[in-house]
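Content type mmCIF, C-alpha atoms, from the file my_file37.cif:
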data_coords
loop_
_atom_site.label_atom_id
_atom_site.label_comp_id
_atom_site.auth_asym_id
_atom_site.auth_seq_id
_atom_site.Cartn_x
_atom_site.Cartn_y
_atom_site.Cartn_z
CA MET A 1 155.44 272.90 292.52
CA GLN A 2 158.97 274.28 292.20
CA VAL A 3 159.50 277.20 289.84
CA PHE A 4 162.23 279.34 288.42
CA THR A 5 161.71 283.04 289.21
CA SER A 6 162.33 283.82 285.55
CA VAL A 7 162.06 281.94 282.31
CA ASP A 8 164.28 278.87 282.17
CA PRO A 9 167.08 279.74 279.69
CA LEU A 10 166.55 276.35 278.08
CA ALA A 11 162.75 276.46 278.18
CA GLU A 12 162.33 276.11 274.45
CA LYS A 13 164.35 272.89 274.57
CA MET A 14 161.58 271.29 276.60
CA PRO A 15 158.34 272.72 275.22
CA TRP A 16 156.24 270.18 277.10
CA ASN A 17 157.18 271.93 280.37
CA SER A 18 156.21 275.41 281.52
CA PRO A 19 159.22 277.73 281.10
CA TYR A 20 159.03 278.39 284.84
CA VAL A 21 159.02 274.76 285.97
CA TYR A 22 162.12 273.76 287.93
CA CYS A 23 163.57 270.28 287.54
CA SER A 24 160.43 268.88 285.91
CA ASN A 25 158.71 269.35 289.28
CA ASN A 26 161.03 266.75 290.79
CA PRO A 27 163.39 268.78 292.99
CA VAL A 28 164.03 265.86 295.34
CA ASN A 29 165.90 263.92 292.69
CA LYS A 30 167.06 266.67 290.35
CA ILE A 31 168.91 269.94 290.51
CA ASP A 32 169.25 272.56 287.83
CA PRO A 33 170.30 275.88 289.36
CA ASP A 34 170.84 277.68 286.06
CA GLY A 35 168.56 275.80 283.71
CA ARG A 36 171.43 273.82 282.23
CA LEU A 37 172.35 270.17 282.67
CA GLU A 38 175.95 269.07 282.89
CA TRP A 39 175.70 265.77 284.77
CA PRO A 40 174.36 262.73 282.92
CA VAL A 41 172.82 261.43 286.15
CA ASN A 42 170.31 262.92 288.55
CA ARG A 43 171.54 264.65 291.70
CA THR A 44 170.52 261.72 293.89
CA TYR A 45 169.44 258.13 293.49
CA ASN A 46 168.00 256.18 296.40
CA GLY A 47 169.22 258.94 298.68
CA ASN A 48 172.82 258.76 297.44
CA GLY A 49 174.56 261.75 295.86
CA ARG A 50 176.46 261.69 292.60
CA ARG A 51 180.17 261.65 291.95
CA HIS A 52 182.76 261.04 289.28
CA GLU A 53 185.98 259.14 289.65
CA ASN A 54 188.12 261.94 288.24
CA ASN A 55 189.83 259.36 286.04
CA TRP A 56 190.21 261.14 282.71
CA HIS A 57 193.37 259.71 281.14
CA ALA A 58 193.92 257.32 284.03
CA ALA A 59 196.46 254.68 283.08
CA ARG A 60 194.92 251.46 281.85
CA PRO A 61 196.70 248.18 281.14
CA HIS A 62 199.06 248.04 278.18
CA GLY A 63 199.69 251.76 277.90
CA ARG A 64 196.13 252.71 277.14
CA LEU A 65 194.40 255.71 278.67
CA HIS A 66 190.91 256.10 280.07
CA LYS A 67 189.18 258.46 277.63
CA GLY A 68 186.30 259.63 279.78
CA VAL A 69 185.19 259.81 283.38
CA ASP A 70 183.29 257.20 285.33
CA VAL A 71 180.17 258.57 287.00
CA ASN A 72 178.01 256.92 289.64
CA HIS A 73 176.22 257.48 292.94
CA THR A 74 177.75 257.33 296.37
CA GLY A 75 176.13 254.17 297.70
CA GLY A 76 178.91 252.00 296.33
CA GLY A 77 178.86 248.63 294.61
CA ASN A 78 175.74 248.03 292.57
CA THR A 79 173.43 250.15 294.71
CA ASP A 80 173.10 252.56 291.80
CA GLN A 81 172.24 249.94 289.21
CA GLY A 82 169.12 251.18 287.43
CA ALA A 83 169.73 254.87 288.12
CA PRO A 84 168.42 257.05 285.26
CA ILE A 85 170.98 258.24 282.68
CA VAL A 86 170.04 261.48 280.92
CA ALA A 87 171.34 263.22 277.80
CA THR A 88 173.44 266.29 278.51
CA HIS A 89 172.60 268.02 275.23
CA ASN A 90 170.22 268.07 272.31
CA GLY A 91 171.09 265.95 269.33
CA THR A 92 170.51 262.74 267.49
CA VAL A 93 171.43 259.17 268.37
CA THR A 94 174.33 258.27 266.10
CA ARG A 95 175.42 254.93 267.60
CA VAL A 96 173.70 252.22 269.60
CA GLY A 97 175.48 249.10 270.83
CA HIS A 98 174.55 246.15 272.95
CA ALA A 99 176.20 244.11 275.68
CA GLY A 100 177.80 240.96 274.41
CA ASP A 101 178.60 242.26 270.92
CA GLY A 102 182.33 242.25 271.73
CA ASP A 103 182.67 246.00 272.27
CA GLY A 104 183.96 246.92 275.70
CA GLY A 105 181.31 249.63 276.06
CA GLY A 106 178.49 247.11 276.55
CA ASN A 107 175.04 248.67 276.18
CA ARG A 108 175.93 252.10 274.85
CA ILE A 109 174.57 255.18 273.14
CA LYS A 110 176.25 258.02 271.32
CA ILE A 111 174.48 261.34 270.78
CA THR A 112 175.72 263.93 268.31
CA SER A 113 174.68 267.57 268.05
CA ALA A 114 172.84 268.85 264.99
CA ASP A 115 175.95 270.56 263.62
CA GLY A 116 178.00 267.39 264.18
CA THR A 117 180.66 269.08 266.27
CA VAL A 118 179.78 267.86 269.78
CA SER A 119 179.05 264.28 270.78
CA THR A 120 178.69 262.36 274.03
CA SER A 121 178.91 258.63 274.69
CA TYR A 122 177.19 256.76 277.52
CA MET A 123 178.49 253.25 278.19
CA HIS A 124 177.95 250.14 280.35
CA LEU A 125 174.22 250.86 280.55
CA ASP A 126 171.97 248.34 282.23
CA GLY A 127 169.49 249.03 279.48
CA THR A 128 168.67 251.67 276.92
CA SER A 129 165.33 253.47 276.83
CA SER A 130 162.83 251.70 274.63
CA GLY A 131 162.54 252.90 271.08
CA LEU A 132 165.93 254.58 270.90
CA LYS A 133 167.72 253.88 267.65
CA VAL A 134 170.13 255.60 265.32
CA GLY A 135 168.41 258.74 264.12
CA SER A 136 166.23 259.23 267.20
CA GLU A 137 166.04 262.87 268.20
CA ILE A 138 167.14 263.52 271.79
CA LYS A 139 166.46 266.50 274.03
CA GLU A 140 168.75 267.65 276.81
CA GLY A 141 167.62 266.05 280.06
CA GLN A 142 165.82 263.18 278.34
CA GLN A 143 166.39 259.78 279.91
CA ILE A 144 168.23 257.49 277.52
CA GLY A 145 168.88 254.48 279.74
CA THR A 146 169.79 253.21 283.18
CA MET A 147 173.09 252.73 284.95
CA GLY A 148 174.66 249.29 284.82
CA GLY A 149 177.88 247.37 284.41
CA SER A 150 177.53 245.81 280.96
CA GLY A 151 180.56 245.01 278.84
CA ALA A 152 181.90 243.06 275.92
CA ASN A 153 180.66 239.72 277.21
CA GLY A 154 177.30 240.72 278.60
CA GLN A 155 175.72 242.27 281.67
CA ASN A 156 177.54 242.74 284.99
CA ALA A 157 181.07 242.87 283.63
CA TYR A 158 181.82 245.78 285.97
CA THR A 159 180.46 247.32 289.13
CA ALA A 160 177.60 249.59 288.06
CA HIS A 161 178.77 252.96 286.78
CA LEU A 162 178.48 255.17 283.72
CA HIS A 163 181.47 255.63 281.44
CA TYR A 164 180.89 259.10 280.02
CA GLU A 165 182.81 260.66 277.12
CA VAL A 166 182.59 264.09 275.50
CA SER A 167 184.01 264.87 272.04
CA VAL A 168 184.36 268.29 270.46
CA ASP A 169 185.34 268.56 266.81
CA GLY A 170 186.22 264.87 266.82
CA THR A 171 188.60 265.09 269.79
CA LYS A 172 187.75 263.59 273.16
CA ILE A 173 188.00 266.14 275.98
CA ASN A 174 188.03 265.80 279.76
CA PRO A 175 184.36 265.77 280.82
CA ALA A 176 185.35 266.92 284.32
CA ASN A 177 185.55 270.64 284.84
CA GLY A 178 186.83 271.51 288.29
CA ALA A 179 185.93 270.02 291.63
CA ASN A 180 182.17 269.92 291.38
CA HIS A 181 181.39 270.41 287.75
CA LEU A 182 181.34 268.59 284.47
CA VAL A 183 181.64 270.19 281.07
CA ASP A 184 178.21 271.26 279.78
CA PRO A 185 178.02 270.09 276.14
CA GLN A 186 174.85 272.07 275.51
CA GLN A 187 176.63 275.28 276.48
CA ILE A 188 179.38 274.45 273.99
CA ILE A 189 176.78 273.88 271.30
CA ASN A 190 174.90 277.05 272.19
CA SER A 191 178.03 279.19 272.18
CA ARG A 192 178.97 277.93 268.73
CA THR A 193 175.48 278.30 267.33
CA SER A 194 175.17 281.87 268.59
CA THR A 195 178.53 282.71 267.02
CA GLN A 196 177.70 281.21 263.67
CA GLN A 197 174.01 281.97 263.29
CA PRO A 198 172.70 284.92 265.32
CA GLU A 199 169.06 284.45 266.06
CA TYR A 200 166.68 286.94 264.42
CA SER A 201 163.16 287.08 265.75
CA GLY A 202 161.83 289.99 263.69
CA GLY A 203 161.86 293.71 264.37
CA THR A 204 164.77 296.04 263.95
CA LEU A 205 167.96 294.36 263.01
CA PRO A 206 170.75 294.97 265.49
CA GLU A 207 173.53 297.28 264.46
CA VAL A 208 176.54 295.28 263.44
CA THR A 209 180.05 296.62 263.40
CA VAL A 210 182.35 294.80 261.08
CA VAL A 211 186.00 295.04 261.79
CA GLY A 212 188.42 293.83 259.19
CA GLN A 213 190.54 294.68 256.21
CA ARG A 214 189.43 295.14 252.66
CA PRO A 215 190.58 292.15 250.74
CA GLN A 216 193.63 292.73 248.62
CA ALA A 217 193.00 292.80 244.88
CA THR A 218 194.71 289.94 243.22
CA GLN A 219 197.60 290.82 241.01
CA ARG A 220 196.60 289.90 237.50
CA PRO A 221 198.58 290.65 234.37
CA LEU A 222 197.08 293.41 232.31
CA PRO A 223 195.59 292.28 229.04
CA GLN A 224 197.52 292.94 225.87
CA ILE A 225 195.66 295.47 223.80
CA PRO A 226 196.77 295.92 220.22
CA VAL A 227 197.61 299.52 219.51
CA THR A 228 197.60 300.86 215.96
CA GLU A 229 200.44 303.19 215.34
CA THR A 230 199.21 306.52 214.03
CA ARG A 231 201.32 309.21 212.54
CA THR A 232 200.87 312.72 213.67
CA PRO A 233 200.73 314.95 210.62
CA GLU A 234 203.63 317.24 210.33
CA ILE A 235 202.69 320.79 211.05
CA ARG A 236 204.38 323.43 209.12
CA PRO A 237 204.06 327.17 209.49
CA ILE A 238 202.15 328.89 206.71
CA GLN A 239 204.38 330.93 204.58
CA ASN A 240 202.94 334.00 202.97
CA MET B 1 194.49 266.16 308.08
CA LEU B 2 194.80 262.42 308.13
CA SER B 3 192.31 260.12 306.59
CA SER B 4 191.96 256.49 307.48
CA CYS B 5 189.94 253.64 306.06
CA ASN B 6 190.92 250.96 308.53
CA GLY B 7 189.47 252.48 311.65
CA THR B 8 192.78 252.45 313.51
CA LYS B 9 193.99 255.67 315.02
CA ASN B 10 196.79 257.56 313.41
CA LYS B 11 199.42 258.23 316.01
CA SER B 12 200.52 261.78 316.49
CA ASN B 13 204.12 262.45 317.23
CA ASN B 14 203.80 263.14 320.94
CA GLU B 15 207.28 261.97 321.87
CA LYS B 16 209.02 264.80 320.16
CA THR B 17 209.99 267.50 322.63
CA ARG B 18 210.99 271.03 321.89
CA ASP B 19 213.11 273.35 323.95
CA SER B 20 212.64 276.44 321.88
CA ILE B 21 209.71 278.73 321.45
CA GLY B 22 210.00 278.76 317.68
CA VAL B 23 207.05 277.49 315.71
CA ASP B 24 207.73 274.09 314.24
CA LEU B 25 205.47 273.87 311.21
CA SER B 26 206.42 270.28 310.52
CA VAL B 27 204.59 268.97 313.57
CA LYS B 28 200.85 269.32 313.87
CA SER B 29 199.79 269.33 317.50
CA ILE B 30 196.31 268.12 316.62
CA GLN B 31 195.64 265.58 313.96
CA VAL B 32 192.09 265.19 312.82
CA GLU B 33 191.02 261.68 311.99
CA ARG B 34 188.21 261.07 309.57
CA LYS B 35 186.89 257.56 309.59
CA HIS B 36 185.32 256.26 306.44
CA LYS B 37 182.66 253.67 306.11
CA ILE B 38 183.94 250.56 304.38
CA ILE B 39 181.77 249.47 301.49
CA HIS B 40 181.40 245.72 301.07
CA PHE B 41 180.65 244.23 297.68
CA GLU B 42 177.67 241.94 297.48
CA SER B 43 178.74 238.41 298.34
CA VAL B 44 178.34 235.83 295.62
CA ASN B 45 177.54 232.19 296.28
CA ILE B 46 177.17 229.97 293.23
CA ASP B 47 176.42 226.25 293.06
CA SER B 48 176.17 225.19 289.43
CA ILE B 49 176.41 222.12 287.24
CA VAL B 50 177.99 222.78 283.83
CA GLY B 51 178.44 219.74 281.62
CA SER B 52 180.08 217.09 283.80
CA TYR B 53 181.43 219.66 286.26
CA HIS B 54 179.93 220.60 289.58
CA VAL B 55 181.22 224.08 290.36
CA LEU B 56 180.87 225.90 293.64
CA TYR B 57 182.32 229.31 294.32
CA LYS B 58 181.75 232.15 296.70
CA THR B 59 183.34 235.49 297.46
CA LEU B 60 184.73 236.38 300.86
CA ASP B 61 186.18 239.60 302.26
CA ASN B 62 189.91 239.14 302.72
CA GLY B 63 190.56 241.96 305.16
CA GLN B 64 192.29 244.17 302.60
CA ILE B 65 191.02 247.64 301.73
CA VAL B 66 191.02 249.36 298.35
CA THR B 67 190.73 253.14 298.49
CA THR B 68 189.53 255.53 295.79
CA TYR B 69 189.34 259.32 295.72
CA PRO B 70 186.32 260.36 293.63
CA ILE B 71 184.94 263.87 293.27
CA THR B 72 181.58 263.98 295.01
CA ASP B 73 179.13 266.64 293.81
CA GLY B 74 179.01 269.49 296.29
CA LYS B 75 181.69 267.96 298.48
CA GLY B 76 184.84 267.93 296.39
CA LYS B 77 187.45 265.21 296.71
CA ASP B 78 186.27 262.31 298.80
CA THR B 79 187.78 259.10 300.14
CA VAL B 80 185.95 255.84 299.59
CA CYS B 81 187.03 252.48 301.02
CA TYR B 82 186.08 249.12 299.62
CA ALA B 83 186.54 245.71 301.22
CA SER B 84 188.57 243.52 298.87
CA GLN B 85 187.43 239.99 298.22
CA ASP B 86 188.83 236.58 297.32
CA VAL B 87 187.06 233.78 295.50
CA ILE B 88 186.86 230.32 297.10
CA LEU B 89 186.51 227.74 294.34
CA THR B 90 185.62 224.05 294.39
CA ILE B 91 185.28 221.94 291.24
CA ASN B 92 184.12 218.37 291.18
CA LYS B 93 183.97 216.06 288.18
CA ASP B 94 182.48 212.60 288.21
CA GLY B 95 182.46 212.57 291.99
CA LYS B 96 186.12 213.52 292.25
CA ASP B 97 187.34 216.89 293.52
CA ILE B 98 189.57 218.57 290.96
CA ILE B 99 189.97 221.59 293.24
CA LEU B 100 188.73 221.89 296.79
CA ASN B 101 188.28 225.31 298.41
CA ARG B 102 191.05 226.85 296.34
CA LYS B 103 191.48 230.53 297.15
CA ILE B 104 191.75 232.75 294.07
CA GLN B 105 193.25 236.01 295.22
CA ARG B 106 194.81 239.18 293.90
CA ASP B 107 198.32 237.98 294.66
CA ASP B 108 197.89 235.14 292.14
CA PHE B 109 197.97 237.83 289.43
CA ARG B 110 201.10 239.69 290.52
CA SER B 111 202.95 238.67 287.40
CA PHE B 112 200.41 240.58 285.29
CA ILE B 113 199.53 243.63 287.38
CA PRO B 114 202.40 246.04 288.13
CA LYS B 115 203.55 245.91 291.75
CA ASN B 116 202.93 249.60 292.37
CA GLU B 117 199.41 249.38 290.93
CA ILE B 118 198.04 246.18 292.40
CA SER B 119 196.71 247.71 295.62
CA LYS B 120 194.26 249.83 293.57
CA TYR B 121 192.48 246.79 292.15
CA CYS B 122 190.03 244.29 293.54
CA ILE B 123 188.04 241.40 292.11
CA SER B 124 185.06 242.78 290.25
CA ASN B 125 183.64 239.82 288.40
CA PHE B 126 184.10 236.04 288.36
CA LYS B 127 182.04 233.69 286.24
CA ILE B 128 182.10 230.42 284.30
CA THR B 129 182.61 231.01 280.58
CA ASP B 130 183.23 227.67 278.89
CA VAL B 131 183.72 223.94 279.28
CA THR B 132 186.21 222.04 277.13
CA ALA B 133 187.08 218.38 276.76
CA THR B 134 189.90 218.74 279.29
CA GLY B 135 188.81 221.45 281.68
CA ILE B 136 186.66 224.40 282.58
CA LYS B 137 187.23 228.11 281.93
CA PHE B 138 186.39 231.13 284.05
CA SER B 139 186.51 234.86 283.43
CA ILE B 140 187.91 237.01 286.21
CA ASN B 141 188.61 240.72 286.26
CA PHE B 142 190.28 243.08 288.69
CA CYS B 143 189.12 246.68 288.58
CA VAL B 144 189.64 249.98 290.30
CA PRO B 145 186.28 250.04 292.15
CA ASP B 146 183.40 251.81 290.34
CA THR B 147 185.42 252.11 287.14
CA ASP B 148 186.18 250.20 283.95
CA VAL B 149 189.92 250.48 284.55
CA CYS B 150 190.46 246.75 284.77
CA TYR B 151 192.66 243.75 284.07
CA TRP B 152 190.88 240.82 282.48
CA PHE B 153 191.95 237.19 282.78
CA GLU B 154 190.93 233.74 281.69
CA LEU B 155 191.42 231.11 284.37
CA ILE B 156 191.57 227.52 283.07
CA VAL B 157 191.28 224.61 285.47
CA SER B 158 192.24 221.30 283.88
CA ASP B 159 190.93 217.91 284.89
CA ASN B 160 194.37 217.12 286.30
CA SER B 161 193.96 220.09 288.73
CA ASP B 162 196.38 222.36 286.88
CA VAL B 163 195.40 226.04 287.01
CA LYS B 164 196.49 228.30 284.18
CA ILE B 165 196.00 232.07 283.95
CA ASN B 166 195.94 233.97 280.64
CA GLU B 167 195.56 237.70 280.37
CA VAL B 168 192.78 238.85 278.05
CA ILE B 169 193.07 242.18 276.26
CA GLU B 170 189.65 243.74 276.56
CA LYS B 171 188.56 245.39 273.34
CA GLU B 172 188.13 249.11 273.77
CA SER B 173 184.89 250.69 272.72
CA ASP B 174 185.00 252.20 269.26
CA MET B 175 182.63 255.03 270.17
#

Output the file's structure as structure tokens, nothing else.
Amino acid sequence: MQVFTSVDPLAEKMPWNSPYVYCSNNPVNKIDPDGRLEWPVNRTYNGNGRRHENNWHAARPHGRLHKGVDVNHTGGGNTDQGAPIVATHNGTVTRVGHAGDGDGGGNRIKITSADGTVSTSYMHLDGTSSGLKVGSEIKEGQQIGTMGGSGANGQNAYTAHLHYEVSVDGTKINPANGANHLVDPQQIINSRTSTQQPEYSGGTLPEVTVVGQRPQATQRPLPQIPVTETRTPEIRPIQN
Amino acid sequence: MLSSCNGTKNKSNNEKTRDSIGVDLSVKSIQVERKHKIIHFESVNIDSIVGSYHVLYKTLDNGQIVTTYPITDGKGKDTVCYASQDVILTINKDGKDIILNRKIQRDDFRSFIPKNEISKYCISNFKITDVTATGIKFSINFCVPDTDVCYWFELIVSDNSDVKINEVIEKESDM
């Protein structure tokens, strides 16, 4: 059994595992040095490592751009067909499509975070995990399908790979983050959640310092108040 | 550092002589060669009867290499070499050869794929899609290996042996 030496920072995302379990007790095929998942594929498949084609915004025919990165394993060709594809963040399935329906993504799944700000798309799947449909709740690290080459006209339109897209606030971003890393959508979600809704687990509330300016009072016209004119009585000295 | 996919040695510039003791940074005295394994796509060999057509096609390596530079986890930028393939096509109808061992190759699509881009692409998929009253249609695509960056074509072979190529605009995913 492989264990973390401290509680997995994402332990509560996978309550079925001990918070100390490392890589679901499968360290041969998985890696998770900091308890977070950024790759949508396992570290190895059939002994081959993982890679991405670094092709965010690569030129495509007719002036179009490639709006994600293509991820696969190093064996080449279709040796990685059937490799597990896993969700990179918690969320809900918001789109499911199937090979042959005319969409270039083939068998495909889109997952959107609970707050709706972060979504990821997984395309050209060989197959999707059984039971997945729009509305299905997904946990980070959960397998959602297998790698394939499906497209608009059916299976095997491409050499097996995963087309992987990440959107934040409705804008697609480059899923690649430096030489050996991909963007971690769950970290983006966590950072936003912690900013918007600090967790409170009972006990003494933390001291909060608020920095800001008092809002300016709006300039409103003073109400007209009718004033009755009064006469001051004339004062005269008393004459003896 | 030089990197080669074809297995041939990169020649260092040994003929250049120097008569000064200054350091010439433009000439590397030692050039390191890294040979890369060439990945071959699975060969395809189809013998099929569709309507009144007997179609045979197979893929064959054509000796050309397509190179990609992916980012490999834990290794950084890598160099991957793929063997490019041609399709050899034979179509027979009613006992008569319409096409016999016709080679379908990347160069046939030069009018569609920009000259400076074509070396990045290789045949990724070839299949029969439809039969009409006057011919048979195939789908063929050329892709940067391991990606969906591709050109799609419809190849129509008429009963009179004419071959026509139409580009197909692949619909982008709406996700």

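Proximity ranking of B:Leu89, B:Ile165, B:Val80, B:Leu60 relative to chain A places B:Val80 first, based on only C-alpha atoms.
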
I need the output of the PyMOL selection byres ((chain A and resi 89) around 8) for this file as a ChimeraX atom specification; which residues are they?
/A:37,87-88,90-91,113,138-141,184-186

Starting from chain A, keep only residues with some atom at most 8 Å from an atom of chain B, counting all atoms listed in the file, and report them as a tab-separated table (two decimals) with C-alpha atoms, in the coordinates of the input.
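As a result, out-v6.tsv now contains:
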chain	number	residue	atom	x	y	z
A	49	GLY	CA	174.56	261.75	295.86
A	50	ARG	CA	176.46	261.69	292.60
A	51	ARG	CA	180.17	261.65	291.95
A	52	HIS	CA	182.76	261.04	289.28
A	53	GLU	CA	185.98	259.14	289.65
A	54	ASN	CA	188.12	261.94	288.24
A	58	ALA	CA	193.92	257.32	284.03
A	59	ALA	CA	196.46	254.68	283.08
A	60	ARG	CA	194.92	251.46	281.85
A	61	PRO	CA	196.70	248.18	281.14
A	66	HIS	CA	190.91	256.10	280.07
A	70	ASP	CA	183.29	257.20	285.33
A	72	ASN	CA	178.01	256.92	289.64
A	74	THR	CA	177.75	257.33	296.37
A	76	GLY	CA	178.91	252.00	296.33
A	77	GLY	CA	178.86	248.63	294.61
A	95	ARG	CA	175.42	254.93	267.60
A	102	GLY	CA	182.33	242.25	271.73
A	103	ASP	CA	182.67	246.00	272.27
A	104	GLY	CA	183.96	246.92	275.70
A	105	GLY	CA	181.31	249.63	276.06
A	110	LYS	CA	176.25	258.02	271.32
A	121	SER	CA	178.91	258.63	274.69
A	152	ALA	CA	181.90	243.06	275.92
A	156	ASN	CA	177.54	242.74	284.99
A	157	ALA	CA	181.07	242.87	283.63
A	158	TYR	CA	181.82	245.78	285.97
A	159	THR	CA	180.46	247.32	289.13
A	160	ALA	CA	177.60	249.59	288.06
A	161	HIS	CA	178.77	252.96	286.78
A	163	HIS	CA	181.47	255.63	281.44
A	179	ALA	CA	185.93	270.02	291.63
A	180	ASN	CA	182.17	269.92	291.38
A	181	HIS	CA	181.39	270.41	287.75

Using the chain letters and numbering of this document, enumerate as a PyMOL selection string the residues selected by the PyMOL selection byres ((chain A and resi 96) around 8).
chain A and resi 93-95+97-98+107-110+133-134

Please give the centre and size of the box around region 105-109 of chain A (axis-aligned, containing every atom listed in the file, 5 Å added per side), with values in Å to one decimal and written as AutoDock Vina command-line options.
--center_x 177.9 --center_y 251.1 --center_z 274.8 --size_x 16.7 --size_y 18.1 --size_z 13.4

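Pairwise distance (CA of Pro40 (chain A), CA of Lys120 (chain B)) equals 26.0 Å.
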
Exactly which residues make up the result of the PyMOL selection byres ((chain A and resi 129) around 9) on this file, given as number ranges by chain?
A: 127-128, 130-132, 143-146

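One finds CA of Arg106 (chain B) at 12.8 Å from CA of Ala83 (chain B).
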
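When all atoms listed in the file are used to compute distances to Ser84 (chain B), the closest of the residues B:Lys96, B:Thr59, B:Lys103, B:Val50 turns out to be B:Thr59.
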
Nearest-residue call for Val41 (chain A), choices A:Gly63, A:Pro175, A:Pro84, A:Gly75, using all atoms listed in the file:
A:Pro84

So how far away is CA of Met147 (chain A) from CA of Leu125 (chain A), in Å?
4.9 Å

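For the choices B:Asn116, B:Ile136, B:Thr79, B:Asp86, the atom-to-atom distance to His54 (chain B) is smallest for B:Ile136 when using all atoms listed in the file.
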
Residue with smallest distance to Asn160 (chain B) - pool B:Lys93, B:Arg102, B:Lys137, B:Lys115, counting only C-alpha atoms:
B:Lys93

Pick from B:Ser111, B:Ile128, B:Cys122, B:Lys37 nearest to Ile49 (chain B), counting all atoms listed in the file:
B:Ile128

What would region 67-78 of chain B look like with N, CA and C atoms restored, written as a PDB file, in the coordinates of the input?
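Written out: rebuild20.pdb:
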ATOM      1  N   THR B  67     191.200 251.770 298.286  1.00  0.00           N
ATOM      2  CA  THR B  67     190.730 253.140 298.490  1.00  0.00           C
ATOM      3  C   THR B  67     190.690 253.910 297.178  1.00  0.00           C
ATOM      4  N   THR B  68     189.624 254.651 296.966  1.00  0.00           N
ATOM      5  CA  THR B  68     189.530 255.530 295.790  1.00  0.00           C
ATOM      6  C   THR B  68     189.251 256.959 296.255  1.00  0.00           C
ATOM      7  N   TYR B  69     189.485 257.905 295.358  1.00  0.00           N
ATOM      8  CA  TYR B  69     189.340 259.320 295.720  1.00  0.00           C
ATOM      9  C   TYR B  69     188.473 260.043 294.670  1.00  0.00           C
ATOM     10  N   PRO B  70     187.184 259.722 294.636  1.00  0.00           N
ATOM     11  CA  PRO B  70     186.320 260.360 293.630  1.00  0.00           C
ATOM     12  C   PRO B  70     186.011 261.809 294.004  1.00  0.00           C
ATOM     13  N   ILE B  71     185.433 262.519 293.032  1.00  0.00           N
ATOM     14  CA  ILE B  71     184.940 263.870 293.270  1.00  0.00           C
ATOM     15  C   ILE B  71     183.434 263.761 293.495  1.00  0.00           C
ATOM     16  N   THR B  72     182.998 264.078 294.688  1.00  0.00           N
ATOM     17  CA  THR B  72     181.580 263.980 295.010  1.00  0.00           C
ATOM     18  C   THR B  72     180.928 265.351 294.842  1.00  0.00           C
ATOM     19  N   ASP B  73     179.813 265.378 294.124  1.00  0.00           N
ATOM     20  CA  ASP B  73     179.130 266.640 293.810  1.00  0.00           C
ATOM     21  C   ASP B  73     178.821 267.412 295.095  1.00  0.00           C
ATOM     22  N   GLY B  74     179.272 268.632 295.145  1.00  0.00           N
ATOM     23  CA  GLY B  74     179.010 269.490 296.290  1.00  0.00           C
ATOM     24  C   GLY B  74     179.924 269.262 297.463  1.00  0.00           C
ATOM     25  N   LYS B  75     180.834 268.302 297.348  1.00  0.00           N
ATOM     26  CA  LYS B  75     181.690 267.960 298.480  1.00  0.00           C
ATOM     27  C   LYS B  75     183.157 267.989 298.111  1.00  0.00           C
ATOM     28  N   GLY B  76     183.446 267.939 296.822  1.00  0.00           N
ATOM     29  CA  GLY B  76     184.840 267.930 296.390  1.00  0.00           C
ATOM     30  C   GLY B  76     185.439 266.543 296.514  1.00  0.00           C
ATOM     31  N   LYS B  77     186.751 266.499 296.692  1.00  0.00           N
ATOM     32  CA  LYS B  77     187.450 265.210 296.710  1.00  0.00           C
ATOM     33  C   LYS B  77     187.056 264.416 297.950  1.00  0.00           C
ATOM     34  N   ASP B  78     186.734 263.169 297.714  1.00  0.00           N
ATOM     35  CA  ASP B  78     186.270 262.310 298.800  1.00  0.00           C
ATOM     36  C   ASP B  78     187.220 261.121 298.937  1.00  0.00           C
TER      37      ASP B  78
END
